[in-house]
Structures are given as C-alpha cells and as structure tokens.
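Novice: Provided herewith: upload_1.pdb, PDB, C-alpha atoms.
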```
MODEL        1
ATOM      1  CA  MET A   7     -39.238  50.928 -20.040
ATOM      2  CA  ARG A   8     -38.532  47.891 -17.874
ATOM      3  CA  ASN A   9     -35.727  47.140 -15.465
ATOM      4  CA  TYR A  10     -33.263  44.411 -16.466
ATOM      5  CA  GLU A  11     -30.132  42.797 -15.134
ATOM      6  CA  LEU A  12     -27.434  41.366 -17.374
ATOM      7  CA  VAL A  13     -24.752  39.094 -15.943
ATOM      8  CA  CYS A  14     -21.842  38.316 -18.254
ATOM      9  CA  ILE A  15     -19.066  35.805 -17.694
ATOM     10  CA  LEU A  16     -16.069  36.869 -19.711
ATOM     11  CA  ASP A  17     -13.154  34.683 -20.771
ATOM     12  CA  PRO A  18     -10.314  35.068 -18.239
ATOM     13  CA  GLN A  19      -7.733  34.824 -21.017
ATOM     14  CA  ALA A  20      -8.914  38.111 -22.521
ATOM     15  CA  GLY A  21      -6.434  39.971 -20.296
ATOM     16  CA  GLU A  22      -6.742  42.598 -17.562
ATOM     17  CA  GLY A  23      -6.900  45.594 -19.904
ATOM     18  CA  GLN A  24      -9.507  43.929 -22.080
ATOM     19  CA  TYR A  25     -12.078  43.641 -19.278
ATOM     20  CA  ASP A  26     -12.476  47.390 -18.915
ATOM     21  CA  GLN A  27     -12.838  47.803 -22.673
ATOM     22  CA  LEU A  28     -15.488  45.064 -22.848
ATOM     23  CA  VAL A  29     -17.440  46.547 -19.931
ATOM     24  CA  GLU A  30     -17.456  49.931 -21.654
ATOM     25  CA  LYS A  31     -18.362  48.305 -24.998
ATOM     26  CA  TYR A  32     -21.543  46.734 -23.595
ATOM     27  CA  GLU A  33     -22.399  49.873 -21.634
ATOM     28  CA  ALA A  34     -22.217  51.854 -24.890
ATOM     29  CA  LEU A  35     -24.275  49.194 -26.702
ATOM     30  CA  LEU A  36     -27.010  49.460 -24.074
ATOM     31  CA  GLY A  37     -26.999  53.244 -24.447
ATOM     32  CA  GLU A  38     -27.207  53.036 -28.254
ATOM     33  CA  ASN A  39     -30.284  50.782 -28.012
ATOM     34  CA  GLY A  40     -32.125  53.292 -25.826
ATOM     35  CA  GLY A  41     -31.220  51.776 -22.474
ATOM     36  CA  GLN A  42     -30.182  53.671 -19.357
ATOM     37  CA  VAL A  43     -27.461  51.988 -17.335
ATOM     38  CA  VAL A  44     -28.126  52.411 -13.622
ATOM     39  CA  ARG A  45     -25.194  50.472 -12.157
ATOM     40  CA  ILE A  46     -22.302  48.280 -13.265
ATOM     41  CA  ASP A  47     -20.727  45.915 -10.741
ATOM     42  CA  ASN A  48     -17.445  44.237 -11.623
ATOM     43  CA  TRP A  49     -17.454  41.068  -9.570
ATOM     44  CA  GLY A  50     -14.027  40.171 -10.863
ATOM     45  CA  LEU A  51     -12.370  36.854 -11.491
ATOM     46  CA  ARG A  52     -14.277  34.013  -9.812
ATOM     47  CA  ARG A  53     -14.219  30.210  -9.927
ATOM     48  CA  LEU A  54     -16.819  28.549 -12.145
ATOM     49  CA  ALA A  55     -19.091  25.881 -10.673
ATOM     50  CA  TYR A  56     -18.379  23.562 -13.616
ATOM     51  CA  THR A  57     -16.510  23.526 -16.879
ATOM     52  CA  SER A  58     -17.448  22.281 -20.337
ATOM     53  CA  SER A  59     -16.420  22.641 -23.948
ATOM     54  CA  SER A  60     -18.934  25.475 -24.378
ATOM     55  CA  LEU A  61     -17.064  27.296 -21.582
ATOM     56  CA  LYS A  62     -13.794  26.580 -23.431
ATOM     57  CA  ASN A  63     -12.817  24.309 -20.516
ATOM     58  CA  ARG A  64     -12.114  27.344 -18.352
ATOM     59  CA  HIS A  65     -12.170  27.025 -14.565
ATOM     60  CA  GLN A  66     -12.558  30.761 -13.905
ATOM     61  CA  GLY A  67     -14.459  33.635 -15.426
ATOM     62  CA  TYR A  68     -14.632  37.411 -15.079
ATOM     63  CA  TYR A  69     -18.134  38.366 -13.894
ATOM     64  CA  VAL A  70     -19.847  41.674 -14.655
ATOM     65  CA  LEU A  71     -23.369  42.713 -13.597
ATOM     66  CA  TYR A  72     -25.237  45.433 -15.491
ATOM     67  CA  GLN A  73     -28.432  46.900 -14.044
ATOM     68  CA  PHE A  74     -30.280  48.923 -16.678
ATOM     69  CA  ALA A  75     -33.670  50.105 -17.901
ATOM     70  CA  ALA A  76     -34.600  49.511 -21.546
ATOM     71  CA  GLU A  77     -37.432  48.717 -23.906
ATOM     72  CA  PRO A  78     -38.087  45.005 -24.435
ATOM     73  CA  THR A  79     -37.238  45.341 -28.140
ATOM     74  CA  ALA A  80     -33.657  46.370 -27.280
ATOM     75  CA  ILE A  81     -32.967  43.052 -25.552
ATOM     76  CA  GLU A  82     -32.981  41.038 -28.810
ATOM     77  CA  GLY A  83     -30.186  43.103 -30.354
ATOM     78  CA  LEU A  84     -28.171  42.919 -27.111
ATOM     79  CA  GLU A  85     -28.497  39.131 -26.910
ATOM     80  CA  GLN A  86     -27.489  38.727 -30.577
ATOM     81  CA  THR A  87     -24.300  40.736 -29.960
ATOM     82  CA  LEU A  88     -23.509  38.736 -26.803
ATOM     83  CA  LYS A  89     -23.933  35.416 -28.671
ATOM     84  CA  LEU A  90     -21.481  36.438 -31.369
ATOM     85  CA  ASP A  91     -18.785  37.787 -29.053
ATOM     86  CA  GLU A  92     -16.037  35.163 -28.534
ATOM     87  CA  VAL A  93     -14.961  36.657 -25.196
ATOM     88  CA  VAL A  94     -18.393  36.152 -23.571
ATOM     89  CA  LEU A  95     -18.545  32.624 -22.135
ATOM     90  CA  ARG A  96     -22.077  32.939 -20.717
ATOM     91  CA  TYR A  97     -24.678  35.647 -20.210
ATOM     92  CA  LEU A  98     -28.090  35.939 -18.611
ATOM     93  CA  VAL A  99     -30.616  38.732 -19.057
ATOM     94  CA  THR A 100     -33.450  38.847 -16.527
ATOM     95  CA  ALA A 101     -36.345  41.235 -16.059
ATOM     96  CA  VAL A 102     -36.496  42.820 -12.609
ATOM     97  CA  GLU A 103     -39.801  43.641 -10.948
ATOM     98  CA  GLY A 104     -39.574  46.765  -8.789
ATOM     99  CA  GLU A 105     -36.303  48.378  -7.747
ATOM    100  CA  PHE A 106     -32.789  47.053  -8.239
ATOM    101  CA  ILE A 107     -31.050  45.369  -5.347
ATOM    102  CA  HIS A 108     -27.474  46.429  -4.738
ATOM    103  CA  VAL A 109     -25.117  43.986  -3.051
ATOM    104  CA  PRO A 110     -22.315  46.095  -1.549
ATOM    105  CA  GLN A 111     -19.747  43.303  -1.584
ATOM    106  CA  LEU A 112     -19.792  39.702  -2.712
ATOM    107  CA  ALA A 113     -18.550  36.920  -0.488
ATOM    108  CA  ALA A 114     -15.226  35.391  -1.405
ATOM    109  CA  ASP A 115     -15.183  32.209  -3.508
ATOM    110  CA  ASN A 116     -14.090  30.089  -0.563
ATOM    111  CA  PHE A 117     -16.391  31.749   1.993
ATOM    112  CA  LEU A 118     -18.509  28.645   2.636
ATOM    113  CA  GLU A 119     -15.463  26.381   2.784
ATOM    114  CA  GLU A 120     -13.906  28.587   5.448
ATOM    115  CA  ALA A 121     -17.158  29.037   7.385
ATOM    116  CA  PHE A 122     -17.820  25.315   7.699
ATOM    117  CA  ALA A 123     -14.242  24.064   7.911
ATOM    118  CA  ARG A 124     -13.381  21.797  10.803
ATOM    119  CA  PRO A 125     -10.891  23.221  13.253
ATOM    120  CA  THR A 126      -7.433  21.777  12.954
ATOM    121  CA  ARG A 127      -6.651  19.218  15.591
ATOM    122  CA  GLY A 128      -3.636  19.543  17.781
ATOM    123  CA  PRO A 129      -1.573  16.674  19.174
ATOM    124  CA  ARG A 130      -3.479  14.290  21.404
ATOM    125  CA  ASP A 131      -2.545  14.270  25.076
ATOM    126  CA  ARG A 132      -3.733  11.190  26.931
ATOM    127  CA  GLY A 133      -0.848  10.731  29.316
ATOM    128  CA  GLY A 134       0.901   7.755  27.787
ATOM    129  CA  PRO A 135       2.378   6.285  24.675
ATOM    130  CA  HIS A 136      -0.001   6.592  21.778
ATOM    131  CA  ARG A 137      -1.636   3.441  20.488
ATOM    132  CA  ASP A 138      -4.468   2.881  18.132
ATOM    133  CA  SER A 139      -7.979   2.865  19.546
ATOM    134  CA  ARG A 140      -8.065  -0.928  20.023
ATOM    135  CA  GLY A 141      -6.062  -0.777  23.240
ATOM    136  CA  PRO A 142      -3.100  -2.952  24.276
ATOM    137  CA  ARG A 143      -1.975  -5.667  21.927
ATOM    138  CA  ASP A 144      -1.366  -8.504  24.423
ATOM    139  CA  ARG A 145      -2.234  -9.421  28.034
ATOM    140  CA  SER A 146       1.223  -8.815  29.447
ATOM    141  CA  GLU A 147       0.984  -5.197  28.423
ATOM    142  CA  ALA A 148      -2.439  -4.834  30.067
ATOM    143  CA  HIS A 149      -1.267  -6.188  33.430
ATOM    144  CA  SER A 150       2.091  -4.495  33.517
ATOM    145  CA  GLY A 151       0.764  -0.991  33.087
ATOM    146  CA  VAL A 152       2.979  -0.342  30.043
ATOM    147  CA  SER A 153       0.175   1.256  28.100
ATOM    148  CA  GLY A 154      -0.281   3.994  30.689
ATOM    149  CA  ARG A 155      -3.288   2.362  32.341
ATOM    150  CA  GLU A 156      -3.349   0.925  35.859
ATOM    151  CA  ALA A 157      -3.090  -2.864  36.270
ATOM    152  CA  PRO A 158      -6.351  -4.523  37.406
ATOM    153  CA  ASP A 159      -6.674  -5.750  40.994
ATOM    154  CA  GLU A 160      -5.301  -9.269  41.574
ATOM    155  CA  GLU A 161      -8.559 -10.309  43.265
ATOM    156  CA  ILE A 162     -10.557  -9.586  40.144
ATOM    157  CA  VAL A 163      -8.060 -11.495  38.011
ATOM    158  CA  GLU A 164      -8.344 -14.553  40.293
ATOM    159  CA  LYS A 165     -12.166 -14.497  40.090
ATOM    160  CA  VAL A 166     -12.027 -14.323  36.318
ATOM    161  CA  GLU A 167      -9.576 -17.229  36.172
ATOM    162  CA  GLY A 168     -11.828 -19.271  38.534
ATOM    163  CA  VAL A 169     -14.806 -18.756  36.254
ATOM    164  CA  GLU A 170     -12.837 -19.934  33.283
ATOM    165  CA  GLU A 171     -11.797 -23.140  35.127
ATOM    166  CA  ALA A 172     -15.385 -23.887  36.188
ATOM    167  CA  GLU A 173     -16.577 -23.567  32.631
ATOM    168  CA  GLU A 174     -13.898 -25.971  31.403
ATOM    169  CA  ALA A 175     -14.772 -28.803  33.905
ATOM    170  CA  PRO A 176     -17.439 -31.232  32.608
ATOM    171  CA  GLU A 177     -20.657 -31.398  34.588
ATOM    172  CA  GLU A 178     -21.807 -34.761  35.984
ATOM    173  CA  ALA A 179     -25.184 -35.908  34.807
ATOM    174  CA  VAL A 180     -27.767 -36.718  37.490
ATOM    175  CA  VAL A 181     -30.133 -39.572  36.661
ATOM    176  CA  GLN A 182     -33.266 -40.194  38.688
ATOM    177  CA  GLU A 183     -35.553 -43.153  38.416
ATOM    178  CA  SER A 184     -39.236 -42.624  38.191
ATOM    179  CA  ASP A 185     -41.837 -44.573  40.283
ATOM    180  CA  ASP A 186     -44.402 -44.876  37.478
ATOM    181  CA  SER A 187     -43.922 -48.581  36.828
TER     182      SER A 187
ENDMDL
END
```
Transcribe the structure of this file into structure tokens.
Specialist:
Amino acid sequence: MRNYELVCILDPQAGEGQYDQLVEKYEALLGENGGQVVRIDNWGLRRLAYTSSSLKNRHQGYYVLYQFAAEPTAIEGLEQTLKLDEVVLRYLVTAVEGEFIHVPQLAADNFLEEAFARPTRGPRDRGGPHRDSRGPRDRSEAHSGVSGREAPDEEIVEKVEGVEEAEEAPEEAVVQESDDS
C-alpha cells in the first residue's frame, strides 16, 4: 500500500449540509476500494485563484483534503467517480513519499494581503496651508510668507536681480589690430 493525498474542490452551491455528506461519501468510497483513511481536513470555503467555464464560473470552492493509504489499482476507480460527480469542480490525487504532513491550521485567504498592506496614512502636518508638491504658485506668495515658509533675505533678492540685469545688458565688442602687416 502507498500513501496518497486527495484534494477536492467542491461546488459552493451544493449547500452546507451537502458538504458533510460528500465528505463521508468519498471516505466510504476509499474504504470500499481497500483504502485506509488516515486524516480528513475540511479547509472550508476559500477563494479560487481563477475562474473558468470548467469551474462553472465560480469564484469560491469548498476544499477537502484526504490523506489515505491504498493500492495503486484503487486510484483509477476513485478518479473515475470524481470525474463523473457534478459537485466536484477539481480534484488532485498525489502519491506521498514517507509520512503525511499535517498542517494544523491554514492561513486565511487574505493573509498575504494583510501582511504586506501599507499602513494607512494620517493627515499631513507641515505647519501651513496644504499645497501640492510644486510649491507656491506665484512670486508674491513666496515673498510674503503666505505659504508658511519664511521670506528670503532682501540682500539675496537684490543680488539675484543684479545678475539678471547684467545678463540683459549687451556686451561691447573689443577689437584689436594686429602688427603682422
């Protein structure tokens, strides 16, 4: 006998009472085919990673994990029954080498979203009226201190204005004669 795991995704529209009956149905089927069920884990209703017409366009499924020991010949009959059952959306039978691994509790569907979520930001406090990141919109606001910033020193403003005037004045051309003649 070999160890196997069977994961079934059941149709969520089967109903709450139907899940228990289906779990018992497949447990009995495994027993009838000579298998020994070691553990059954009901993972419950979980969100599917994708949807398709073969999944009946469902967004959720009821997951059940069976860990059992059986002869390899019993797997064919089990898979045939799973294929024909309308309530089973997907199933996967895998052979397990060694002992079974038991996961005591599965993480919630949104575990990763919550773990890596950005913290919510509170109101910004910069000590003045809030503007966009480009700063003041015109010069009068920058010099008057309306935006919450200090006005620049008058000396610096005068130097800047002097530079602008020097750049605007045309430079006189200096012509020198050469003595090569």
Novice: Hey, can you check how far CA of Gly21 in chain A sits from CA of Ile81 in chain A?
Specialist: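 Calculated distance between CA of Gly21 in chain A and CA of Ile81 in chain A is 27.2 Å.
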Novice: The PyMOL selection byres ((chain A and resi 63-70) around 10) - which residues does that actually catch in the file I just gave you? List them as a VMD selection string.
Specialist: chain A and resid 12 to 20 22 25 28 to 29 46 to 62 71 to 72 94 to 97
Novice: Using only C-alpha atoms for the distances, tell me which of A:Gln24, A:Leu35, A:Gly104, A:Gln73 is nearest to Glu11 in chain A.
Specialist: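 Among A:Gln24, A:Leu35, A:Gly104, A:Gln73, it is A:Gln73 that comes nearest to Glu11 in chain A.
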Novice: Please work out which residues fall within 12 Å of (-31.3, 54.1, -19.1), coordinates as given in the file, with all atoms listed in the file counting, and return them as a ChimeraX atom specification.
Specialist: /A:7-10,33-45,72-77,80
Novice: Please indicate the distance in Å from CA of Thr87 in chain A to CA of Ile107 in chain A, rounded to one decimal place.
Specialist: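 These two atoms are separated by 25.9 Å.
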Novice: Quick check, in Å to one decimal: how far apart do CA of Leu88 in chain A and CA of His108 in chain A lie?
Specialist: 23.7 Å
